[in-house]
Structure formats: structure tokens, C-alpha cells
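Structure data (PDB, C-alpha atoms and all ligand atoms) from coords05.pdb:
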```pdb
ATOM      1  CA  MET A 753      73.647 103.262  71.090
ATOM      2  CA  HIS A 754      75.679 106.388  71.342
ATOM      3  CA  VAL A 755      79.023 104.978  70.316
ATOM      4  CA  ASN A 756      80.929 106.158  67.312
ATOM      5  CA  LEU A 757      78.962 104.862  64.331
ATOM      6  CA  LYS A 758      81.997 103.648  62.439
ATOM      7  CA  ILE A 759      83.218 101.566  65.364
ATOM      8  CA  SER A 760      79.814 100.202  66.223
ATOM      9  CA  SER A 761      79.186  99.198  62.619
ATOM     10  CA  ILE A 762      82.548  97.415  62.389
ATOM     11  CA  VAL A 763      81.921  95.614  65.665
ATOM     12  CA  GLY A 764      78.375  94.846  64.594
ATOM     13  CA  ALA A 765      79.561  93.429  61.277
ATOM     14  CA  LEU A 766      82.210  91.322  63.007
ATOM     15  CA  ALA A 767      79.743  90.076  65.571
ATOM     16  CA  CYS A 768      77.199  89.238  62.853
ATOM     17  CA  GLY A 769      79.882  87.424  60.834
ATOM     18  CA  LEU A 770      80.980  85.428  63.854
ATOM     19  CA  ALA A 771      77.396  84.659  64.782
ATOM     20  CA  LEU A 772      76.832  83.260  61.306
ATOM     21  CA  VAL A 773      80.047  81.254  61.339
ATOM     22  CA  LEU A 774      79.350  79.827  64.760
ATOM     23  CA  GLY A 775      75.670  79.332  64.043
ATOM     24  CA  ALA A 776      74.787  81.270  67.180
ATOM     25  CA  GLN A 777      71.130  81.953  67.808
ATOM     26  CA  PRO A 778      69.877  85.364  68.834
ATOM     27  CA  ALA A 779      69.408  85.215  72.588
ATOM     28  CA  ALA A 780      68.477  87.517  75.422
ATOM     29  CA  ALA A 781      71.711  89.486  75.574
ATOM     30  CA  HIS A 782      73.345  90.432  78.825
ATOM     31  CA  PRO A 783      75.188  93.779  78.801
ATOM     32  CA  GLY A 784      78.213  93.483  76.550
ATOM     33  CA  SER A 785      76.850  90.513  74.688
ATOM     34  CA  LEU A 786      75.251  90.269  71.281
ATOM     35  CA  TRP A 787      73.770  86.972  70.092
ATOM     36  CA  GLY A 788      75.635  85.273  72.905
ATOM     37  CA  ILE A 789      78.967  86.675  71.769
ATOM     38  CA  ASP A 790      81.053  88.783  74.101
ATOM     39  CA  LEU A 791      81.631  92.002  72.184
ATOM     40  CA  SER A 792      84.850  92.813  73.998
ATOM     41  CA  SER A 793      86.397  89.630  72.638
ATOM     42  CA  VAL A 794      85.271  90.658  69.154
ATOM     43  CA  VAL A 795      86.944  94.006  69.662
ATOM     44  CA  ALA A 796      90.042  92.141  70.843
ATOM     45  CA  LEU A 797      90.011  90.183  67.571
ATOM     46  CA  ARG A 798      90.102  93.499  65.791
ATOM     47  CA  ASP A 799      93.164  94.370  67.897
ATOM     48  CA  GLN A 800      94.833  91.165  66.768
ATOM     49  CA  ALA A 801      94.153  92.057  63.147
ATOM     50  CA  ARG A 802      95.679  95.478  63.685
ATOM     51  CA  LEU A 803      98.673  93.949  65.440
ATOM     52  CA  ALA A 804      99.268  91.685  62.427
ATOM     53  CA  ALA A 805      99.001  94.663  60.082
ATOM     54  CA  HIS A 806     101.518  96.584  62.183
ATOM     55  CA  ARG A 807     103.943  93.678  62.031
ATOM     56  CA  THR A 808     103.890  93.570  58.238
ATOM     57  CA  THR A 809     104.141  97.337  57.719
ATOM     58  CA  PRO A 810     105.937  98.908  60.665
ATOM     59  CA  PRO A 811     105.163 102.593  61.012
ATOM     60  CA  PRO A 812     108.196 104.785  61.696
ATOM     61  CA  GLN A 813     107.483 105.691  65.337
ATOM     62  CA  GLN A 814     107.048 102.274  66.915
ATOM     63  CA  ALA A 815     108.602 101.696  70.289
ATOM     64  CA  GLU A 816     108.573  99.226  73.124
ATOM     65  CA  LEU A 817     107.706  99.623  76.768
ATOM     66  CA  GLU A 818     109.951  97.893  79.303
ATOM     67  CA  ARG A 819     107.559  97.275  82.148
ATOM     68  CA  VAL A 820     104.059  98.116  81.016
ATOM     69  CA  ARG A 821     102.405  95.207  79.237
ATOM     70  CA  THR A 822      98.704  95.821  79.816
ATOM     71  CA  ILE A 823      96.911  99.148  80.074
ATOM     72  CA  VAL A 824      93.302  99.547  81.140
ATOM     73  CA  LEU A 825      91.505 102.662  79.935
ATOM     74  CA  ASP A 826      88.325 103.547  81.777
ATOM     75  CA  PRO A 827      86.036 105.935  79.881
ATOM     76  CA  GLY A 828      84.318 107.730  82.766
ATOM     77  CA  HIS A 829      80.535 107.410  83.275
ATOM     78  CA  GLY A 830      78.291 105.804  80.627
ATOM     79  CA  GLY A 831      74.690 104.708  80.182
ATOM     80  CA  GLU A 832      72.401 106.395  82.722
ATOM     81  CA  ASN A 833      75.346 108.202  84.223
ATOM     82  CA  HIS A 834      75.956 111.034  81.775
ATOM     83  CA  GLY A 835      78.701 112.735  83.745
ATOM     84  CA  ALA A 836      79.005 116.467  83.252
ATOM     85  CA  ILE A 837      77.196 118.332  80.492
ATOM     86  CA  GLY A 838      79.268 121.205  79.252
ATOM     87  CA  VAL A 839      78.790 124.530  77.514
ATOM     88  CA  ALA A 840      79.008 122.793  74.126
ATOM     89  CA  GLY A 841      76.034 120.597  75.114
ATOM     90  CA  ILE A 842      77.987 117.348  74.830
ATOM     91  CA  ARG A 843      77.837 114.802  77.613
ATOM     92  CA  GLU A 844      81.015 113.780  79.366
ATOM     93  CA  LYS A 845      80.288 110.049  78.910
ATOM     94  CA  HIS A 846      80.471 110.420  75.107
ATOM     95  CA  LEU A 847      83.640 112.498  75.208
ATOM     96  CA  THR A 848      85.439 110.060  77.506
ATOM     97  CA  LEU A 849      84.502 107.095  75.294
ATOM     98  CA  GLU A 850      85.695 108.909  72.182
ATOM     99  CA  LEU A 851      88.913 109.858  73.957
ATOM    100  CA  ALA A 852      89.475 106.268  75.093
ATOM    101  CA  TYR A 853      89.080 104.878  71.563
ATOM    102  CA  HIS A 854      91.530 107.403  70.138
ATOM    103  CA  LEU A 855      93.977 106.903  72.986
ATOM    104  CA  ARG A 856      93.811 103.161  72.440
ATOM    105  CA  GLU A 857      94.575 103.628  68.728
ATOM    106  CA  ALA A 858      97.522 105.865  69.534
ATOM    107  CA  ILE A 859      98.965 103.495  72.139
ATOM    108  CA  GLN A 860      98.640 100.521  69.804
ATOM    109  CA  ALA A 861     100.202 102.410  66.918
ATOM    110  CA  ARG A 862     103.214 103.335  69.033
ATOM    111  CA  TYR A 863     103.473 100.163  71.152
ATOM    112  CA  PRO A 864     101.970  97.302  69.127
ATOM    113  CA  GLU A 865     103.059  94.772  71.740
ATOM    114  CA  VAL A 866     101.070  96.415  74.520
ATOM    115  CA  ARG A 867      97.592  95.122  75.344
ATOM    116  CA  VAL A 868      94.990  97.848  75.790
ATOM    117  CA  VAL A 869      91.700  96.947  77.435
ATOM    118  CA  MET A 870      88.778  99.331  77.887
ATOM    119  CA  THR A 871      86.331  99.007  80.758
ATOM    120  CA  ARG A 872      83.484  99.824  78.380
ATOM    121  CA  TYR A 873      83.327  99.868  74.586
ATOM    122  CA  TRP A 874      79.910 101.441  74.214
ATOM    123  CA  ASP A 875      77.443 103.643  76.073
ATOM    124  CA  THR A 876      76.654 101.434  79.016
ATOM    125  CA  SER A 877      76.223 101.900  82.755
ATOM    126  CA  MET A 878      78.976 100.467  84.889
ATOM    127  CA  GLY A 879      79.650 100.510  88.611
ATOM    128  CA  LEU A 880      82.949 101.790  89.936
ATOM    129  CA  SER A 881      83.924  98.494  91.523
ATOM    130  CA  GLU A 882      83.142  96.719  88.239
ATOM    131  CA  ARG A 883      85.672  98.926  86.461
ATOM    132  CA  VAL A 884      88.369  98.248  89.050
ATOM    133  CA  HIS A 885      87.530  94.549  89.073
ATOM    134  CA  LEU A 886      87.954  94.397  85.309
ATOM    135  CA  ALA A 887      91.362  96.104  85.565
ATOM    136  CA  ASN A 888      92.420  93.609  88.236
ATOM    137  CA  LEU A 889      91.210  90.684  86.138
ATOM    138  CA  ALA A 890      93.130  92.021  83.144
ATOM    139  CA  GLU A 891      96.223  92.182  85.392
ATOM    140  CA  ALA A 892      96.757  95.734  84.199
ATOM    141  CA  ASP A 893     100.071  97.455  84.815
ATOM    142  CA  LEU A 894      98.351 100.795  84.860
ATOM    143  CA  PHE A 895      94.814 102.141  84.988
ATOM    144  CA  LEU A 896      93.665 105.472  83.570
ATOM    145  CA  SER A 897      90.152 106.614  84.410
ATOM    146  CA  LEU A 898      89.335 109.292  81.845
ATOM    147  CA  HIS A 899      87.179 112.272  82.751
ATOM    148  CA  TYR A 900      86.400 115.863  81.964
ATOM    149  CA  ASN A 901      85.745 118.257  84.778
ATOM    150  CA  ALA A 902      82.802 120.415  85.799
ATOM    151  CA  ALA A 903      82.288 123.190  88.319
ATOM    152  CA  VAL A 904      79.235 125.012  89.650
ATOM    153  CA  HIS A 905      80.654 128.302  88.375
ATOM    154  CA  ASN A 906      82.117 128.794  84.903
ATOM    155  CA  ARG A 907      85.505 130.198  85.939
ATOM    156  CA  ALA A 908      87.204 126.885  86.789
ATOM    157  CA  LEU A 909      89.793 125.998  84.166
ATOM    158  CA  GLY A 910      92.636 123.548  83.609
ATOM    159  CA  TYR A 911      93.696 119.932  83.985
ATOM    160  CA  GLU A 912      94.353 117.863  87.087
ATOM    161  CA  THR A 913      95.161 114.269  87.992
ATOM    162  CA  PHE A 914      94.082 112.366  91.091
ATOM    163  CA  PHE A 915      95.388 109.334  92.881
ATOM    164  CA  LEU A 916      94.004 107.681  95.955
ATOM    165  CA  THR A 917      94.553 109.100  99.432
ATOM    166  CA  PRO A 918      97.032 106.938 101.439
ATOM    167  CA  GLU A 919      94.467 105.919 104.062
ATOM    168  CA  GLU A 920      92.366 104.438 101.269
ATOM    169  CA  VAL A 921      95.326 102.508  99.911
ATOM    170  CA  THR A 922      96.073 101.065 103.345
ATOM    171  CA  PRO A 923      92.539 101.365 104.652
ATOM    172  CA  GLY A 924      91.709 101.694 108.303
ATOM    173  CA  GLU A 925      88.423 101.778 110.120
ATOM    174  CA  GLN A 926      87.297 104.925 108.378
ATOM    175  CA  GLN A 927      87.267 103.164 105.020
ATOM    176  CA  GLU A 928      83.598 102.376 105.060
ATOM    177  CA  GLN A 929      82.473 105.877 106.027
ATOM    178  CA  SER A 930      84.613 108.136 103.931
ATOM    179  CA  PRO A 931      82.849 111.465 103.418
ATOM    180  CA  MET A 932      84.863 112.944 100.585
ATOM    181  CA  LEU A 933      83.751 112.282  97.082
ATOM    182  CA  ALA A 934      85.403 114.252  94.329
ATOM    183  CA  SER A 935      83.567 115.568  91.290
ATOM    184  CA  ALA A 936      84.505 112.781  88.855
ATOM    185  CA  GLU A 937      82.259 110.468  90.819
ATOM    186  CA  GLY A 938      79.183 112.622  90.289
ATOM    187  CA  GLY A 939      75.874 110.976  89.513
ATOM    188  CA  ALA A 940      73.526 108.704  91.345
ATOM    189  CA  VAL A 941      74.833 105.478  89.835
ATOM    190  CA  GLU A 942      78.378 105.696  91.141
ATOM    191  CA  SER A 943      78.966 105.788  94.859
ATOM    192  CA  PRO A 944      82.127 105.816  96.960
ATOM    193  CA  VAL A 945      81.087 102.768  98.953
ATOM    194  CA  GLU A 946      81.126 100.644  95.799
ATOM    195  CA  GLY A 947      84.922 100.289  95.976
ATOM    196  CA  ALA A 948      86.253  96.785  96.334
ATOM    197  CA  ARG A 949      86.999  95.707  99.907
ATOM    198  CA  LEU A 950      90.648  94.892 100.402
ATOM    199  CA  VAL A 951      91.012  93.966 104.042
ATOM    200  CA  GLY A 952      89.257  91.732 106.501
ATOM    201  CA  GLN A 953      89.227  88.649 104.325
ATOM    202  CA  HIS A 954      92.385  87.126 105.773
ATOM    203  CA  GLY A 955      93.206  86.940 109.446
ATOM    204  CA  ASP A 956      96.862  86.291 108.935
ATOM    205  CA  ASP A 957      99.159  89.109 110.138
ATOM    206  CA  LEU A 958     101.805  88.333 107.567
ATOM    207  CA  ILE A 959      99.294  88.708 104.779
ATOM    208  CA  PHE A 960      98.291  92.102 106.212
ATOM    209  CA  ILE A 961     101.906  93.240 106.319
ATOM    210  CA  GLN A 962     102.632  92.013 102.813
ATOM    211  CA  ARG A 963      99.498  93.642 101.505
ATOM    212  CA  ASP A 964     100.312  96.916 103.269
ATOM    213  CA  LEU A 965     103.783  96.945 101.739
ATOM    214  CA  MET A 966     102.350  96.156  98.338
ATOM    215  CA  ARG A 967      99.771  98.908  98.671
ATOM    216  CA  ALA A 968     102.349 101.436  99.862
ATOM    217  CA  HIS A 969     104.464 100.612  96.834
ATOM    218  CA  GLN A 970     101.484 100.820  94.532
ATOM    219  CA  HIS A 971     100.479 104.129  96.108
ATOM    220  CA  GLN A 972     103.939 105.514  95.424
ATOM    221  CA  LEU A 973     103.726 104.361  91.794
ATOM    222  CA  SER A 974     100.244 105.868  91.422
ATOM    223  CA  GLY A 975     101.749 109.183  92.543
ATOM    224  CA  HIS A 976     104.463 108.838  89.902
ATOM    225  CA  LEU A 977     101.847 108.031  87.269
ATOM    226  CA  ALA A 978      99.794 111.101  88.253
ATOM    227  CA  HIS A 979     102.879 113.321  87.924
ATOM    228  CA  CYS A 980     103.691 111.808  84.517
ATOM    229  CA  VAL A 981     100.150 112.645  83.344
ATOM    230  CA  GLN A 982     100.399 116.229  84.599
ATOM    231  CA  ASN A 983     103.794 116.630  82.906
ATOM    232  CA  GLY A 984     102.270 115.348  79.672
ATOM    233  CA  PHE A 985      99.412 117.830  79.925
ATOM    234  CA  ARG A 986     101.820 120.679  80.677
ATOM    235  CA  THR A 987     103.720 119.880  77.491
ATOM    236  CA  HIS A 988     100.697 119.489  75.231
ATOM    237  CA  LEU A 989      97.875 121.639  76.614
ATOM    238  CA  ASP A 990      97.716 125.394  76.759
ATOM    239  CA  SER A 991      95.719 125.643  79.973
ATOM    240  CA  ILE A 992      96.095 125.873  83.746
ATOM    241  CA  ASP A 993      98.028 123.182  85.622
ATOM    242  CA  ARG A 994      95.857 122.460  88.658
ATOM    243  CA  GLY A 995      98.331 119.878  89.877
ATOM    244  CA  VAL A 996      98.366 116.346  91.223
ATOM    245  CA  LYS A 997      95.795 115.740  93.945
ATOM    246  CA  GLN A 998      94.733 112.924  96.199
ATOM    247  CA  ALA A 999      91.118 111.992  96.757
ATOM    248  CA  ASN A1000      88.927 109.118  97.742
ATOM    249  CA  PHE A1001      87.714 108.001  94.357
ATOM    250  CA  GLY A1002      85.735 104.783  94.385
ATOM    251  CA  VAL A1003      87.004 104.022  90.888
ATOM    252  CA  LEU A1004      90.564 103.822  92.231
ATOM    253  CA  ARG A1005      89.841 101.892  95.411
ATOM    254  CA  GLY A1006      90.736  98.226  95.254
ATOM    255  CA  ALA A1007      92.914  98.612  92.156
ATOM    256  CA  HIS A1008      95.923  96.286  92.284
ATOM    257  CA  MET A1009      97.953  98.484  89.974
ATOM    258  CA  PRO A1010      99.034 102.143  89.737
ATOM    259  CA  ALA A1011      95.789 103.974  89.019
ATOM    260  CA  VAL A1012      94.763 107.586  88.434
ATOM    261  CA  VAL A1013      91.740 109.684  87.541
ATOM    262  CA  VAL A1014      92.513 112.086  84.715
ATOM    263  CA  GLU A1015      90.508 115.327  84.451
ATOM    264  CA  ALA A1016      91.530 116.717  81.068
ATOM    265  CA  GLY A1017      89.729 120.083  81.242
ATOM    266  CA  PHE A1018      86.556 121.873  82.330
ATOM    267  CA  LEU A1019      83.450 121.286  80.258
ATOM    268  CA  THR A1020      81.790 124.132  82.120
ATOM    269  CA  HIS A1021      84.312 126.833  81.186
ATOM    270  CA  PRO A1022      83.033 129.002  78.316
ATOM    271  CA  GLY A1023      86.351 128.838  76.426
ATOM    272  CA  GLU A1024      87.802 125.481  77.437
ATOM    273  CA  GLY A1025      84.388 123.806  77.298
ATOM    274  CA  GLN A1026      84.111 124.696  73.594
ATOM    275  CA  GLU A1027      87.698 123.776  72.880
ATOM    276  CA  LEU A1028      87.785 120.326  74.420
ATOM    277  CA  VAL A1029      85.014 118.952  72.235
ATOM    278  CA  GLN A1030      87.226 119.697  69.219
ATOM    279  CA  ARG A1031      89.236 116.971  67.528
ATOM    280  CA  ALA A1032      92.467 118.983  67.863
ATOM    281  CA  HIS A1033      92.120 119.190  71.637
ATOM    282  CA  ARG A1034      91.375 115.504  71.908
ATOM    283  CA  GLN A1035      94.545 114.771  69.930
ATOM    284  CA  ARG A1036      96.574 116.927  72.313
ATOM    285  CA  VAL A1037      95.132 115.003  75.279
ATOM    286  CA  VAL A1038      95.948 111.710  73.528
ATOM    287  CA  ASN A1039      99.531 112.860  72.865
ATOM    288  CA  ALA A1040      99.901 113.964  76.482
ATOM    289  CA  LEU A1041      98.698 110.610  77.796
ATOM    290  CA  VAL A1042     100.875 108.552  75.429
ATOM    291  CA  ASP A1043     103.881 110.600  76.579
ATOM    292  CA  ALA A1044     102.773 110.046  80.184
ATOM    293  CA  ILE A1045     102.656 106.269  79.684
ATOM    294  CA  ASP A1046     106.119 106.376  78.133
ATOM    295  CA  ALA A1047     107.526 108.434  81.023
ATOM    296  CA  PHE A1048     105.811 106.225  83.586
ATOM    297  CA  ASP A1049     107.283 103.107  82.018
ATOM    298  CA  ASP A1050     110.757 104.656  82.371
ATOM    299  CA  GLU A1051     109.957 105.494  85.992
ATOM    300  CA  MET A1052     108.704 101.945  86.685
ATOM    301  CA  ALA A1053     111.853 100.479  85.172
ATOM    302  CA  ARG A1054     113.971 102.826  87.316
ATOM    303  CA  VAL A1055     112.075 102.119  90.573
ATOM    304  CA  LEU A1056     111.725  98.375  90.066
ATOM    305  CA  ASP A1057     115.326  97.902  88.956
ATOM    306  CA  GLN A1058     116.651  99.546  92.131
ATOM    307  CA  PRO A1059     118.710  97.085  94.198
TER     308      PRO A1059
HETATM  309 ZN    ZN B1101      83.646 112.424  85.241
END
```
How does this structure look as C-alpha cells?
Ligand SMILES: [Zn+2]
Amino acid sequence: MHVNLKISSIVGALACGLALVLGAQPAAAHPGSLWGIDLSSVVALRDQARLAAHRTTPPPQQAELERVRTIVLDPGHGGENHGAIGVAGIREKHLTLELAYHLREAIQARYPEVRVVMTRYWDTSMGLSERVHLANLAEADLFLSLHYNAAVHNRALGYETFFLTPEEVTPGEQQEQSPMLASAEGGAVESPVEGARLVGQHGDDLIFIQRDLMRAHQHQLSGHLAHCVQNGFRTHLDSIDRGVKQANFGVLRGAHMPAVVVEAGFLTHPGEGQELVQRAHRQRVVNALVDAIDAFDDEMARVLDQP
């Protein structure tokens, strides 16, 4: 396993302890399961323990979010899909997982009431539609797919945030044959056609209209979320603002909540690629994203409270 040793050993110890308590027998594990125990629920137990600790000793900077109750963090790539490999020789899939764990810690420290779910907790392959499906099941209020960027030349530099193109949010006939696939989707495992199908399951016109309105609203909120992320990056990162963009990302298609793909910097740039594997850079990205969540929550409260 390529996950952070400390985390994996804690999870392993918890899982072993639970297995002993429950008398579980070692079994052929499916992905995400160890001795028949779902590891994500073990990790959630750890969250509960942390929540209890926070309640007894409140740190000074705790706050509450008005609208956001559940956040899904999606560490890009994983398993066979390594993502980009940068100038520092580190694979994107490891960096995104590390970022997700630290972001989760930071969110929970600041907003102990908020539930944070990750689409993967270790180095495992996962389809795009699986990630979206998990976010939908978790009834997430927002979805951040975490990535680092790569380019064929080494001059590309900076941070950018994507949300889905409008025709993919209210899909038409072209949905199934969409040619554009942005760089975050790179790799043979993930494909744009994996996105969850939203239309065609109900023949009722009213359902179509309601769904279109819902998607239009969600699309608008995804745009707001993308701008909040870029603003956060502008405040915390000393790099180039490449702006908010729209693309047909399979990992965003089918999401029932505001959802963005975050590209926190270029692994392939000789300077930035070295910098963003450093702990200090990761902390700046974490701070930017926590600020973005805070700003987005304000925006949600403003939009949703409009008469
Ligand atoms: Zn990526």
C-alpha cells in the first residue's frame, strides 16, 4: 500500500482490534474491506473519536457552516491510474491522497460538525462514476476532486478550477459522444463515458423540467464554488491564476451537488513541480480550500435564502 504509513497503521490497528472484538474471520477481501470490515467505516469511527475530543477541548478557531453539512473529497487517480508524474518524481495519485487527508483534518478542526467523506482512503483504482456515485450516496453538499496538473511542455504554471460545461449538466443528444476530455482525466482507467447517466430513465415531462431546473441551479452553484476555490488560491498561492474553466469531466458528470475539479499546480513545471511536493505548499493549498469552503457556504446561504 502506498498510503501514509501512520494512517495505514492506525487504520490497520483499529481494523485488527475490531476484527478481534467481533470475532471476524479473515476472508477474501473486496476492495476497501479487511477481514470483512469496511475500512471506511473504521475511518469514520476515528472521525467520531476526533469529534468527541474536539467537543471536550475546543480549539480557538472553531466555526460553523450554515449550509454545508457533508463534504466529499475525491483524491484524483489511484491504484493503476498514477495520474501525472512530475519533475520531483512523485506520482499525482499519492500527492492527491496526502492532500485529501490533510484537507480533511483541517476541515474537521475548523468545522467539527461537518462530515467529511473521501472517495478513497488508500491507493486504490476507482472509476469516475464510482466517485460521483459515492458523493451522491453520501448526499454531499459539495464535491472537490483534487488534482495536480501536467503539460507536455514544462512552461505551464499555475492553478485552475473546472466545473462541468452546461450541456453536460442538462445533457442533450451529444452527451454520449462528447469529444473533449481535459487533462485531469488522463490515464486508461478513467474515461469520459463512465459518467452516470441522468436522463432517459423517466418519461415524464414534469420530471424532466424539474430535473433541468435542479441541474441549472446546481450548475450555477458549481460555478460559484469554482470561483471560491480560485479566490482561495489567489490569496494563498504565489503562482499564476489560470482562472475558472468549464470542461466535460467524467468525474463531475452525474453529481447531484455543486462539484469542481481542482488543479492546484503543475507537476511538470521545473519550479512549481518541486515546490508543490513540499509540506508548506500543501498547507497553503489546504488553507486555500478551507477558505473556499467557508466562502462557498456564505454564498450558498445568500443564494438559497433569496426570496
Ligand atoms: Zn489528475
Selection as a ChimeraX atom specification: residues within 6 Å of ligand ZN 1101 (chain B) by all atoms listed in the file
/A:828,835,899-900,936
With C-alpha atoms retained, write the just-selected residues as a CSV table (one decimal), in the coordinates of the input.
```csv
chain,number,residue,atom,x,y,z
A,828,GLY,CA,84.3,107.7,82.8
A,835,GLY,CA,78.7,112.7,83.7
A,899,HIS,CA,87.2,112.3,82.8
A,900,TYR,CA,86.4,115.9,82.0
A,936,ALA,CA,84.5,112.8,88.9
```
In Å and to one decimal, CA of His905 in chain A is distant from CA of Gly879 in chain A by 27.8 Å
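Here CA of Met870 in chain A stands at a distance of 26.2 Å from CA of Glu1024 in chain A.
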So what does the PyMOL selection byres (((chain A and resi 1049) around 7) and not hetatm) actually pick up in this one, as a ChimeraX atom specification?
/A:817-820,1045-1048,1050-1053
Could you list, as number ranges by chain, every residue matched by the PyMOL selection byres (((chain A and resi 980) around 10) and not hetatm) in this structure?
A: 913, 974-979, 981-986, 996, 1040-1041, 1043-1049, 1051
Produce a file of the selected residues containing C-alpha atoms, as a compact mmCIF listing (two decimals), in the coordinates of the input.
```txt
# COMPACT_ATOMS: atom_id res chain seq x y z
CA THR A 913 95.16 114.27 87.99
CA SER A 974 100.24 105.87 91.42
CA GLY A 975 101.75 109.18 92.54
CA HIS A 976 104.46 108.84 89.90
CA LEU A 977 101.85 108.03 87.27
CA ALA A 978 99.79 111.10 88.25
CA HIS A 979 102.88 113.32 87.92
CA VAL A 981 100.15 112.64 83.34
CA GLN A 982 100.40 116.23 84.60
CA ASN A 983 103.79 116.63 82.91
CA GLY A 984 102.27 115.35 79.67
CA PHE A 985 99.41 117.83 79.92
CA ARG A 986 101.82 120.68 80.68
CA VAL A 996 98.37 116.35 91.22
CA ALA A 1040 99.90 113.96 76.48
CA LEU A 1041 98.70 110.61 77.80
CA ASP A 1043 103.88 110.60 76.58
CA ALA A 1044 102.77 110.05 80.18
CA ILE A 1045 102.66 106.27 79.68
CA ASP A 1046 106.12 106.38 78.13
CA ALA A 1047 107.53 108.43 81.02
CA PHE A 1048 105.81 106.22 83.59
CA ASP A 1049 107.28 103.11 82.02
CA GLU A 1051 109.96 105.49 85.99
```
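Our summary of the geometry notes that CA of Leu958 in chain A is positioned 23.9 Å from CA of Leu916 in chain A.
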Place a sphere of radius 8 Å on (91.0, 108.9, 86.7) in the file coordinates and name every protein, DNA or RNA residue with an atom inside or on its surface, counting all atoms listed in the file; give the answer as a list in words.
Asp826, Gly828, Phe895, Leu896, Ser897, Leu898, His899, Thr913, Phe914, Phe915, Ala936, Val1003, Leu1004, Ala1011, Val1012, Val1013, Val1014 and Glu1015 of chain A
Restricted to C-alpha atoms, what would the selected residues look like written as a tab-separated table (two decimals), in the coordinates of the input?
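Okay, result01.tsv is ready:
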```tsv
chain	number	residue	atom	x	y	z
A	826	ASP	CA	88.32	103.55	81.78
A	828	GLY	CA	84.32	107.73	82.77
A	895	PHE	CA	94.81	102.14	84.99
A	896	LEU	CA	93.66	105.47	83.57
A	897	SER	CA	90.15	106.61	84.41
A	898	LEU	CA	89.34	109.29	81.84
A	899	HIS	CA	87.18	112.27	82.75
A	913	THR	CA	95.16	114.27	87.99
A	914	PHE	CA	94.08	112.37	91.09
A	915	PHE	CA	95.39	109.33	92.88
A	936	ALA	CA	84.50	112.78	88.86
A	1003	VAL	CA	87.00	104.02	90.89
A	1004	LEU	CA	90.56	103.82	92.23
A	1011	ALA	CA	95.79	103.97	89.02
A	1012	VAL	CA	94.76	107.59	88.43
A	1013	VAL	CA	91.74	109.68	87.54
A	1014	VAL	CA	92.51	112.09	84.72
A	1015	GLU	CA	90.51	115.33	84.45
```
For range 984-999 of chain A, I'd like the enclosing box, axis-aligned and padded by 5 Å on every side, reported as AutoDock Vina command-line options with centre and edge lengths in Å to one decimal.
```
--center_x 97.4 --center_y 118.9 --center_z 86.0 --size_x 22.6 --size_y 23.9 --size_z 31.5
```
Leu889 in chain A surroundings by all atoms listed in the file, 12 Å radius, close-in-sequence under 3 positions cut, as a PDB file with C-alpha atoms, keeping the file's coordinate frame:
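And here is the file that came out, selection-v5.pdb:
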```
ATOM      1  CA  THR A 822      98.704  95.821  79.816  1.00  0.00           C
ATOM      2  CA  ILE A 823      96.911  99.148  80.074  1.00  0.00           C
ATOM      3  CA  VAL A 824      93.302  99.547  81.140  1.00  0.00           C
ATOM      4  CA  VAL A 869      91.700  96.947  77.435  1.00  0.00           C
ATOM      5  CA  THR A 871      86.331  99.007  80.758  1.00  0.00           C
ATOM      6  CA  SER A 881      83.924  98.494  91.523  1.00  0.00           C
ATOM      7  CA  GLU A 882      83.142  96.719  88.239  1.00  0.00           C
ATOM      8  CA  ARG A 883      85.672  98.926  86.461  1.00  0.00           C
ATOM      9  CA  VAL A 884      88.369  98.248  89.050  1.00  0.00           C
ATOM     10  CA  HIS A 885      87.530  94.549  89.073  1.00  0.00           C
ATOM     11  CA  LEU A 886      87.954  94.397  85.309  1.00  0.00           C
ATOM     12  CA  ALA A 892      96.757  95.734  84.199  1.00  0.00           C
ATOM     13  CA  ASP A 893     100.071  97.455  84.815  1.00  0.00           C
ATOM     14  CA  GLY A1006      90.736  98.226  95.254  1.00  0.00           C
ATOM     15  CA  ALA A1007      92.914  98.612  92.156  1.00  0.00           C
ATOM     16  CA  HIS A1008      95.923  96.286  92.284  1.00  0.00           C
ATOM     17  CA  MET A1009      97.953  98.484  89.974  1.00  0.00           C
TER      18      MET A1009
END
```
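Distance annotation: of A:Arg856, A:His829, A:Arg821, A:Arg907, the residue with the minimal separation from His1021 in chain A is A:Arg907; atom set is all atoms listed in the file.
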Looking at A:Tyr911, A:Tyr863, A:Phe1001, A:Trp874, which one is nearest to His846 in chain A, with distances taken over all atoms listed in the file?
A:Trp874
Expansion of the PyMOL selection byres (((chain A and resi 903) around 10) and not hetatm) into residues, as a ChimeraX atom specification
/A:836,838,901-902,904-909,935,1018-1021
Take the residues from that selection and put them in a file with C-alpha atoms, as a PDB file, keeping the file's coordinate frame.
```pdb
ATOM      1  CA  ALA A 836      79.005 116.467  83.252  1.00  0.00           C
ATOM      2  CA  GLY A 838      79.268 121.205  79.252  1.00  0.00           C
ATOM      3  CA  ASN A 901      85.745 118.257  84.778  1.00  0.00           C
ATOM      4  CA  ALA A 902      82.802 120.415  85.799  1.00  0.00           C
ATOM      5  CA  VAL A 904      79.235 125.012  89.650  1.00  0.00           C
ATOM      6  CA  HIS A 905      80.654 128.302  88.375  1.00  0.00           C
ATOM      7  CA  ASN A 906      82.117 128.794  84.903  1.00  0.00           C
ATOM      8  CA  ARG A 907      85.505 130.198  85.939  1.00  0.00           C
ATOM      9  CA  ALA A 908      87.204 126.885  86.789  1.00  0.00           C
ATOM     10  CA  LEU A 909      89.793 125.998  84.166  1.00  0.00           C
ATOM     11  CA  SER A 935      83.567 115.568  91.290  1.00  0.00           C
ATOM     12  CA  PHE A1018      86.556 121.873  82.330  1.00  0.00           C
ATOM     13  CA  LEU A1019      83.450 121.286  80.258  1.00  0.00           C
ATOM     14  CA  THR A1020      81.790 124.132  82.120  1.00  0.00           C
ATOM     15  CA  HIS A1021      84.312 126.833  81.186  1.00  0.00           C
TER      16      HIS A1021
END
```
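Of the residues listed (A:Arg843, A:Arg872, A:Arg1036, A:His969), A:Arg872 shows the shortest atom-to-atom separation from Ala887 in chain A; distances use all atoms listed in the file.
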Go through A:Glu850, A:Glu857, A:Asp875, A:Glu865 one by one, measure the shortest atom-to-atom distance of each to His834 in chain A using all atoms listed in the file, and give the residue with the smallest value.
A:Asp875
May I ask you to restore N, CA and C atoms in range 838-843 of chain A and write the result as a short mmCIF file (atom, residue, chain, number, x, y, z; two decimals), in the coordinates of the input?
```
data_model
loop_
_atom_site.label_atom_id
_atom_site.label_comp_id
_atom_site.auth_asym_id
_atom_site.auth_seq_id
_atom_site.Cartn_x
_atom_site.Cartn_y
_atom_site.Cartn_z
N GLY A 838 78.53 119.96 79.34
CA GLY A 838 79.27 121.20 79.25
C GLY A 838 78.60 122.28 78.43
N VAL A 839 79.33 123.39 78.25
CA VAL A 839 78.79 124.53 77.51
C VAL A 839 78.52 124.18 76.05
N ALA A 840 79.24 123.18 75.52
CA ALA A 840 79.01 122.79 74.13
C ALA A 840 77.82 121.83 74.01
N GLY A 841 77.22 121.46 75.13
CA GLY A 841 76.03 120.60 75.11
C GLY A 841 76.34 119.12 74.95
N ILE A 842 77.61 118.76 75.00
CA ILE A 842 77.99 117.35 74.83
C ILE A 842 78.20 116.71 76.19
N ARG A 843 77.71 115.49 76.33
CA ARG A 843 77.84 114.80 77.61
C ARG A 843 79.24 114.22 77.78
#
```
